[in-house]
$ cat work-v7.tsv   # TSV, C-alpha atoms
chain	number	residue	atom	x	y	z
A	1	PHE	CA	167.12	90.46	84.51
A	2	PHE	CA	167.88	87.07	83.04
A	3	TYR	CA	169.86	84.24	84.54
A	4	HIS	CA	172.05	81.56	83.02
A	5	HIS	CA	169.47	78.82	83.54
A	6	PHE	CA	166.10	79.74	82.11
A	7	SER	CA	163.38	79.88	84.74
A	8	THR	CA	159.76	80.82	85.11
A	9	LYS	CA	160.90	84.34	85.98
A	10	GLN	CA	162.40	84.58	82.51
A	11	PHE	CA	159.19	83.33	80.97
A	12	VAL	CA	157.23	86.19	82.48
A	13	ALA	CA	160.04	88.65	81.85
A	14	THR	CA	160.15	87.80	78.16
A	15	ALA	CA	156.44	88.30	77.74
A	16	ALA	CA	156.53	91.55	79.69
A	17	VAL	CA	158.98	93.39	77.57
A	18	LEU	CA	156.88	92.58	74.53
A	19	PHE	CA	154.79	95.37	75.73
A	20	CYS	CA	158.15	99.07	76.87
A	21	LEU	CA	169.25	108.31	76.50
A	22	THR	CA	170.28	110.39	79.17
A	23	ALA	CA	169.22	109.51	82.69
A	24	ALA	CA	166.69	111.79	84.34
A	25	THR	CA	167.87	113.34	87.60
A	26	PHE	CA	165.52	113.48	90.56
A	27	ALA	CA	165.85	115.54	93.70
A	28	ASP	CA	166.04	113.62	96.95
A	29	GLU	CA	162.68	114.90	98.07
A	30	ALA	CA	159.52	113.61	96.40
A	31	LYS	CA	158.16	115.71	93.56
A	32	LYS	CA	154.76	117.27	93.94
A	33	ALA	CA	151.90	116.30	91.68
A	34	VAL	CA	151.14	118.60	88.76
A	35	ASP	CA	147.78	120.39	88.39
A	36	HIS	CA	144.70	118.52	87.17
A	37	ASP	CA	144.78	119.73	83.55
A	38	THR	CA	148.45	118.84	83.12
A	39	SER	CA	147.88	115.48	84.76
A	40	GLU	CA	144.98	114.77	82.40
A	41	LYS	CA	147.15	115.52	79.36
A	42	ALA	CA	149.88	113.20	80.64
A	43	PHE	CA	147.48	110.32	81.34
A	44	LYS	CA	146.00	110.65	77.85
A	45	VAL	CA	149.49	110.37	76.34
A	46	MET	CA	150.19	107.15	78.26
A	47	GLU	CA	146.80	105.69	77.36
A	48	ALA	CA	147.36	106.57	73.70
A	49	ALA	CA	150.72	104.77	73.81
A	50	TYR	CA	148.93	101.68	75.13
A	51	ASP	CA	146.30	101.89	72.37
A	52	MET	CA	148.97	102.08	69.65
A	53	LEU	CA	150.31	98.60	70.48
A	54	ALA	CA	149.26	95.70	68.28
A	55	TYR	CA	148.94	93.20	71.13
A	56	LYS	CA	145.20	93.21	71.78
A	57	GLY	CA	143.93	89.69	71.00
A	58	ASP	CA	145.78	86.55	69.85
A	59	TYR	CA	149.29	86.56	68.42
A	60	SER	CA	152.30	84.32	67.94
A	61	ALA	CA	155.95	85.24	67.45
A	62	THR	CA	159.52	84.05	67.61
A	63	VAL	CA	161.47	85.82	70.36
A	64	THR	CA	165.26	85.87	70.43
A	65	LEU	CA	167.12	87.08	73.52
A	66	VAL	CA	170.72	88.24	73.32
A	67	ILE	CA	172.16	88.46	76.83
A	68	ASP	CA	175.33	90.39	77.59
A	69	LYS	CA	177.21	90.33	80.88
A	70	PRO	CA	180.70	91.68	81.57
A	71	ASN	CA	183.48	89.09	81.25
A	72	LYS	CA	181.10	86.38	80.03
A	73	PRO	CA	180.35	85.02	76.54
A	74	GLN	CA	177.27	86.43	74.88
A	75	GLU	CA	174.27	84.15	75.41
A	76	ASN	CA	171.42	83.53	72.96
A	77	ILE	CA	168.04	82.05	73.84
A	78	GLN	CA	165.09	81.62	71.50
A	79	PHE	CA	161.40	80.81	72.02
A	80	LYS	CA	158.12	80.45	70.21
A	81	ILE	CA	155.44	82.38	72.03
A	82	PHE	CA	151.65	82.25	71.78
A	83	GLU	CA	149.51	84.72	73.71
A	84	ARG	CA	145.84	85.56	74.17
A	85	ILE	CA	146.01	89.03	75.68
A	86	ASN	CA	142.36	89.48	76.66
A	87	LYS	CA	142.40	86.31	78.79
A	88	ASP	CA	145.94	86.56	80.22
A	89	GLN	CA	146.85	83.24	78.61
A	90	MET	CA	150.26	82.41	77.22
A	91	THR	CA	152.23	79.41	76.04
A	92	MET	CA	155.94	79.54	75.30
A	93	VAL	CA	158.25	76.82	74.03
A	94	GLN	CA	162.04	77.04	74.10
A	95	LEU	CA	163.74	76.48	70.73
A	96	PHE	CA	167.38	77.22	71.58
A	97	PRO	CA	169.85	76.30	73.02
A	98	GLU	CA	169.48	72.67	72.07
A	99	ALA	CA	169.97	71.44	75.66
A	100	ASP	CA	166.77	73.22	76.74
A	101	LYS	CA	164.74	72.64	73.58
A	102	GLY	CA	161.14	71.68	74.33
A	103	THR	CA	161.01	73.28	77.77
A	104	GLY	CA	157.56	74.80	78.02
A	105	TYR	CA	155.81	77.55	79.92
A	106	LEU	CA	152.08	78.00	80.37
A	107	ARG	CA	150.32	80.98	81.91
A	108	ASP	CA	146.67	81.31	82.88
A	109	GLY	CA	145.99	84.50	84.82
A	110	ASP	CA	148.26	84.66	87.88
A	111	ASN	CA	149.08	80.96	87.62
A	112	PHE	CA	151.75	79.46	85.45
A	113	TRP	CA	153.51	76.19	84.97
A	114	THR	CA	156.95	75.13	83.80
A	115	TYR	CA	157.12	71.92	81.75
A	116	ASP	CA	160.20	69.71	81.78
A	117	PRO	CA	160.19	67.54	78.61
A	118	ILE	CA	162.65	65.04	80.12
A	119	SER	CA	160.67	64.18	83.25
A	120	ARG	CA	157.39	65.13	81.51
A	121	LYS	CA	156.31	66.94	84.68
A	122	PHE	CA	154.82	70.36	85.35
A	123	THR	CA	155.84	72.70	88.17
A	124	HIS	CA	153.22	75.21	89.31
A	125	SER	CA	154.02	78.73	90.53
A	126	SER	CA	152.25	82.00	91.22
A	127	LEU	CA	152.94	84.92	88.91
A	128	LYS	CA	153.37	87.30	91.85
A	129	ASP	CA	155.71	84.94	93.68
A	130	GLU	CA	157.94	84.37	90.67
A	131	LEU	CA	158.31	88.06	89.93
A	132	GLY	CA	159.45	88.81	93.47
A	133	ASP	CA	163.22	89.08	92.93
A	134	SER	CA	163.40	89.64	89.18
A	135	ASP	CA	163.79	92.95	87.34
A	136	VAL	CA	160.41	92.46	85.71
A	137	LYS	CA	157.51	93.24	87.99
A	138	VAL	CA	153.85	92.40	88.27
A	139	ASP	CA	152.71	95.69	86.74
A	140	ASP	CA	154.89	95.02	83.69
A	141	VAL	CA	152.65	92.13	82.71
A	142	THR	CA	149.36	93.85	83.48
A	143	ASN	CA	147.61	94.61	80.21
A	144	ASP	CA	145.42	97.40	81.55
A	145	LYS	CA	145.67	100.98	80.37
A	146	ASN	CA	143.56	102.12	83.34
A	147	LYS	CA	146.47	101.36	85.68
A	148	TRP	CA	147.88	104.85	85.10
A	149	ARG	CA	145.02	106.77	86.70
A	150	THR	CA	144.46	104.16	89.40
A	151	ASN	CA	148.02	103.76	90.65
A	152	PHE	CA	149.94	106.94	89.83
A	153	GLU	CA	150.04	110.66	90.17
A	154	VAL	CA	151.84	112.72	87.54
A	155	THR	CA	154.81	114.67	88.86
A	156	GLU	CA	156.06	116.08	85.57
A	157	PHE	CA	154.80	116.50	82.00
A	158	ARG	CA	156.89	118.26	79.40
A	159	GLU	CA	158.06	118.17	75.81
A	160	ASP	CA	161.66	117.36	74.89
A	161	LYS	CA	163.90	115.67	72.32
A	162	LEU	CA	165.13	112.09	72.46
A	163	GLY	CA	167.65	111.62	69.69
A	164	LYS	CA	165.93	112.81	66.51
A	165	TYR	CA	162.41	112.47	67.93
A	166	ASP	CA	160.20	115.04	69.59
A	167	VAL	CA	158.81	113.37	72.71
A	168	TYR	CA	156.47	113.82	75.61
A	169	VAL	CA	158.18	113.13	78.93
A	170	VAL	CA	155.86	111.81	81.65
A	171	SER	CA	157.11	111.25	85.19
A	172	VAL	CA	154.86	109.49	87.68
A	173	HIS	CA	154.88	108.66	91.38
A	174	ALA	CA	153.11	105.62	92.82
A	175	ILE	CA	150.11	106.32	95.06
A	176	THR	CA	149.22	102.67	95.72
A	177	SER	CA	151.26	99.60	96.56
A	178	ALA	CA	150.58	98.00	93.15
A	179	PRO	CA	153.43	99.60	91.16
A	180	SER	CA	156.85	98.03	91.55
A	181	TYR	CA	158.76	101.32	91.41
A	182	GLU	CA	157.93	104.50	93.28
A	183	ASN	CA	159.04	106.73	90.43
A	184	SER	CA	159.14	106.12	86.68
A	185	THR	CA	159.73	108.32	83.65
A	186	TYR	CA	158.40	107.58	80.16
A	187	TYR	CA	159.45	109.05	76.80
A	188	VAL	CA	156.68	108.88	74.18
A	189	ARG	CA	156.99	109.98	70.56
A	190	LYS	CA	154.79	112.96	69.73
A	191	ASP	CA	154.03	112.16	66.09
A	192	VAL	CA	153.23	108.49	66.73
A	193	ASN	CA	152.43	107.80	70.37
A	194	VAL	CA	154.78	104.87	70.95
A	195	LEU	CA	157.01	104.45	73.98
A	196	LEU	CA	160.71	104.89	73.18
A	197	LYS	CA	162.22	104.73	76.64
A	198	GLU	CA	161.32	103.95	80.25
A	199	GLU	CA	163.35	104.64	83.39
A	200	ASP	CA	162.45	103.07	86.73
A	201	PHE	CA	163.69	104.41	90.06
A	202	SER	CA	163.80	103.07	93.61
A	203	GLY	CA	162.22	104.77	96.58
A	204	THR	CA	165.46	106.71	97.07
A	205	ASN	CA	165.33	107.79	93.40
A	206	ARG	CA	168.19	105.56	92.32
A	207	LEU	CA	167.97	104.49	88.69
A	208	MET	CA	167.28	100.74	88.72
A	209	ARG	CA	166.67	99.86	85.09
A	210	THR	CA	166.29	101.44	81.67
A	211	ILE	CA	164.18	100.01	78.86
A	212	LEU	CA	164.82	101.19	75.30
A	213	MET	CA	162.56	100.47	72.32
A	214	PRO	CA	164.51	101.75	69.29
A	215	LYS	CA	162.68	99.77	66.59
A	216	TYR	CA	158.99	99.44	65.87
A	217	THR	CA	157.13	97.73	63.04
A	218	LYS	CA	153.70	98.87	61.83
A	219	VAL	CA	151.16	96.10	61.29
A	220	PRO	CA	147.40	96.36	60.64
A	221	GLN	CA	146.69	95.82	64.34
A	222	GLY	CA	149.06	98.58	65.50
A	223	TYR	CA	152.74	98.90	66.37
A	224	VAL	CA	155.15	96.21	67.56
A	225	ALA	CA	158.48	96.89	69.29
A	226	THR	CA	160.65	94.48	67.29
A	227	GLN	CA	163.77	95.45	69.26
A	228	THR	CA	163.79	96.09	73.00
A	229	ILE	CA	166.84	96.60	75.21
A	230	VAL	CA	166.61	96.21	78.98
A	231	ARG	CA	169.61	97.56	80.89
A	232	ASP	CA	170.35	96.60	84.48
A	233	GLU	CA	171.52	99.93	85.94
A	234	LEU	CA	172.73	98.34	89.18
A	235	ASN	CA	175.09	95.98	87.34
A	236	LYS	CA	176.71	98.07	84.64
A	237	GLY	CA	177.28	96.30	81.37
A	238	GLU	CA	174.44	93.82	81.88
A	239	GLN	CA	171.67	94.03	79.34
A	240	THR	CA	169.25	91.85	77.42
A	241	GLN	CA	168.24	92.62	73.86
A	242	GLN	CA	164.97	91.13	72.68
A	243	ILE	CA	164.26	90.69	68.97
A	244	VAL	CA	160.76	89.81	67.78
A	245	SER	CA	160.20	88.11	64.41
A	246	GLU	CA	157.69	85.91	62.56
A	247	LEU	CA	154.70	87.74	64.00
A	248	THR	CA	151.18	86.58	63.22
A	249	PHE	CA	147.89	87.83	64.59
A	250	ASP	CA	145.63	84.98	63.53
A	251	ALA	CA	143.17	83.54	66.05
A	252	LEU	CA	144.84	80.72	67.97
A	253	PRO	CA	143.12	77.40	68.80
A	254	ASP	CA	142.22	76.90	72.45
A	255	LYS	CA	144.30	73.72	72.65
A	256	ILE	CA	147.54	75.74	72.46
A	257	PHE	CA	146.89	77.07	75.96
A	258	THR	CA	146.77	73.64	77.61
A	259	LYS	CA	149.20	71.27	79.29
A	260	ALA	CA	148.30	68.64	76.70
A	261	TYR	CA	149.68	70.88	73.95
A	262	LEU	CA	153.12	71.09	75.60
A	263	GLU	CA	153.13	67.37	76.30
A	264	GLY	CA	152.26	66.62	72.68
A	265	LEU	CA	155.25	68.57	71.32
A	266	ASN	CA	157.71	66.03	72.70
$ encode --input "work-v7.tsv" --output "structure tokens"
Amino acid sequence: FFYHHFSTKQFVATAAVLFCLTAATFADEAKKAVDHDTSEKAFKVMEAAYDMLAYKGDYSATVTLVIDKPNKPQENIQFKIFERINKDQMTMVQLFPEADKGTGYLRDGDNFWTYDPISRKFTHSSLKDELGDSDVKVDDVTNDKNKWRTNFEVTEFREDKLGKYDVYVVSVHAITSAPSYENSTYYVRKDVNVLLKEEDFSGTNRLMRTILMPKYTKVPQGYVATQTIVRDELNKGEQTQQIVSELTFDALPDKIFTKAYLEGLN
């Protein structure tokens, strides 16, 4: 999910998880879609979970990543992030560790740039290219609640318990090439429709990653997952914990989303 040297993949990955505990078991054969009424209920649950999130317009936050890998020291990385959701614009500046302080990242739609404060040069990449071999995928960073009906069919919808919470469990199967995983399962709180857990499976129904969102904060704009844990299920013991703090939802000046802004910080 994350690598020792921060890259543009990590930039996108960090922003993505600002969005999503027993593993579900799938049969080897593909599940059949549920009936229309059940499917409609499931889609409405997922759309409601999207609507509950606070990230709708401009926001800024401090994001701390705590990265654990077996037999390696724990790693901490910190950023300041600025995002304008409705225009797919984002600027992120690395704060820690000191050796990488000032490294910048700028996104505008599918395009983004990495800024090296030492050489004072920008490197351009495509969002889709950079996501190719990371655990975070293109659909993770798509802020569109309509993606559920467009790209998935519902294969299961039921009620269950996750820890102390009553949850809806929604399993979906991809019907277009847009989703990054053929099968995913979502656990959404019933009383407050926020996502608590996501499981993503390969085409052979092997569990690839688990995303846990154990802590939310209520703000006037909606709910914010202030703690998110992404577990790499292929490499046991590897996980990244993301902690969000210093949130503001004030309108941001346009200049923040420019190369000149990153250049001016150094």
$ axis_aligned_box --input "work-v7.tsv" --around "stretch 230-234 of chain A" --padding-each-side "6 Å" --output "JSON"
{"center_x": 169.7, "center_y": 98.1, "center_z": 84.1, "size_x": 18.1, "size_y": 15.7, "size_z": 22.2}
$ residues_near_point --input "work-v7.tsv" --point "(166.3, 113.0, 66.9)" --cutoff "12 Å" --atoms "only C-alpha atoms" --output "number ranges by chain"
A: 21, 160-167, 189-190, 196, 214
$ atom_distance --input "work-v7.tsv" --atom1 "atom CA of A:Val244" --atom2 "atom CA of A:Met92"
13.6 Å
$ residues_near_point --input "work-v7.tsv" --point "(167.9, 94.8, 68.3)" --cutoff "9 Å" --atoms "all atoms listed in the file" --output "PyMOL selection string"
chain A and resi 66+213-215+226-229+241-244
$ residues_around --input "work-v7.tsv" --residues "stretch 149-156 of chain A" --least-positions-apart "4" --cutoff "6 Å" --atoms "all atoms listed in the file" --output "ChimeraX atom specification"
/A:31-34,39,170-176
$ write_last_selection --input "work-v7.tsv" --atoms "C-alpha atoms" --output "mmCIF file, in the frame of the given file"
data_model
loop_
_atom_site.group_PDB
_atom_site.id
_atom_site.type_symbol
_atom_site.label_atom_id
_atom_site.label_comp_id
_atom_site.auth_asym_id
_atom_site.auth_seq_id
_atom_site.Cartn_x
_atom_site.Cartn_y
_atom_site.Cartn_z
ATOM 1 C CA LYS A 31 158.160 115.710 93.560
ATOM 2 C CA LYS A 32 154.760 117.270 93.940
ATOM 3 C CA ALA A 33 151.900 116.300 91.680
ATOM 4 C CA VAL A 34 151.140 118.600 88.760
ATOM 5 C CA SER A 39 147.880 115.480 84.760
ATOM 6 C CA VAL A 170 155.860 111.810 81.650
ATOM 7 C CA SER A 171 157.110 111.250 85.190
ATOM 8 C CA VAL A 172 154.860 109.490 87.680
ATOM 9 C CA HIS A 173 154.880 108.660 91.380
ATOM 10 C CA ALA A 174 153.110 105.620 92.820
ATOM 11 C CA ILE A 175 150.110 106.320 95.060
ATOM 12 C CA THR A 176 149.220 102.670 95.720
#
$ closest_residue --input "work-v7.tsv" --among "A:Ile256, A:Asp250, A:Asp200, A:Leu65" --to "A:Pro97" --atoms "all atoms listed in the file"
A:Leu65
$ closest_residue --input "work-v7.tsv" --among "A:Lys255, A:Lys218, A:Arg209, A:Lys56" --to "A:Ser180" --atoms "all atoms listed in the file"
A:Arg209
$ closest_residue --input "work-v7.tsv" --among "A:Phe79, A:Tyr55, A:Tyr261, A:Tyr105" --to "A:Ala225" --atoms "all atoms listed in the file"
A:Tyr55
$ atom_distance --input "work-v7.tsv" --atom1 "atom CA of A:Val169" --atom2 "atom CA of A:Asp88"
29.3 Å
$ closest_residue --input "work-v7.tsv" --among "A:Met52, A:Leu252, A:Val230, A:Leu265" --to "A:Asp68" --atoms "all atoms listed in the file"
A:Val230
$ atom_distance --input "work-v7.tsv" --atom1 "atom CA of A:Leu53" --atom2 "atom CA of A:Ile85"
11.7 Å
$ residues_around --input "work-v7.tsv" --residues "A:Lys69" --least-positions-apart "2" --cutoff "10 Å" --atoms "all atoms listed in the file" --output "list in words"
Ile67, Asn71, Lys72, Pro73, Gln74, Glu75, Asp232, Asn235, Lys236, Gly237, Glu238, Gln239 and Thr240 of chain A
$ closest_residue --input "work-v7.tsv" --among "A:Gly222, A:Gly104, A:Tyr168, A:Met90" --to "A:Lys197" --atoms "all atoms listed in the file"
A:Tyr168
$ closest_residue --input "work-v7.tsv" --among "A:Asn193, A:Ser202, A:Gln94, A:Asn86" --to "A:Tyr223" --atoms "all atoms listed in the file"
A:Asn193
$ residues_around --input "work-v7.tsv" --residues "A:Ala48" --least-positions-apart "3" --cutoff "9 Å" --atoms "all atoms listed in the file" --output "ChimeraX atom specification"
/A:43-45,51-52,145,193-194
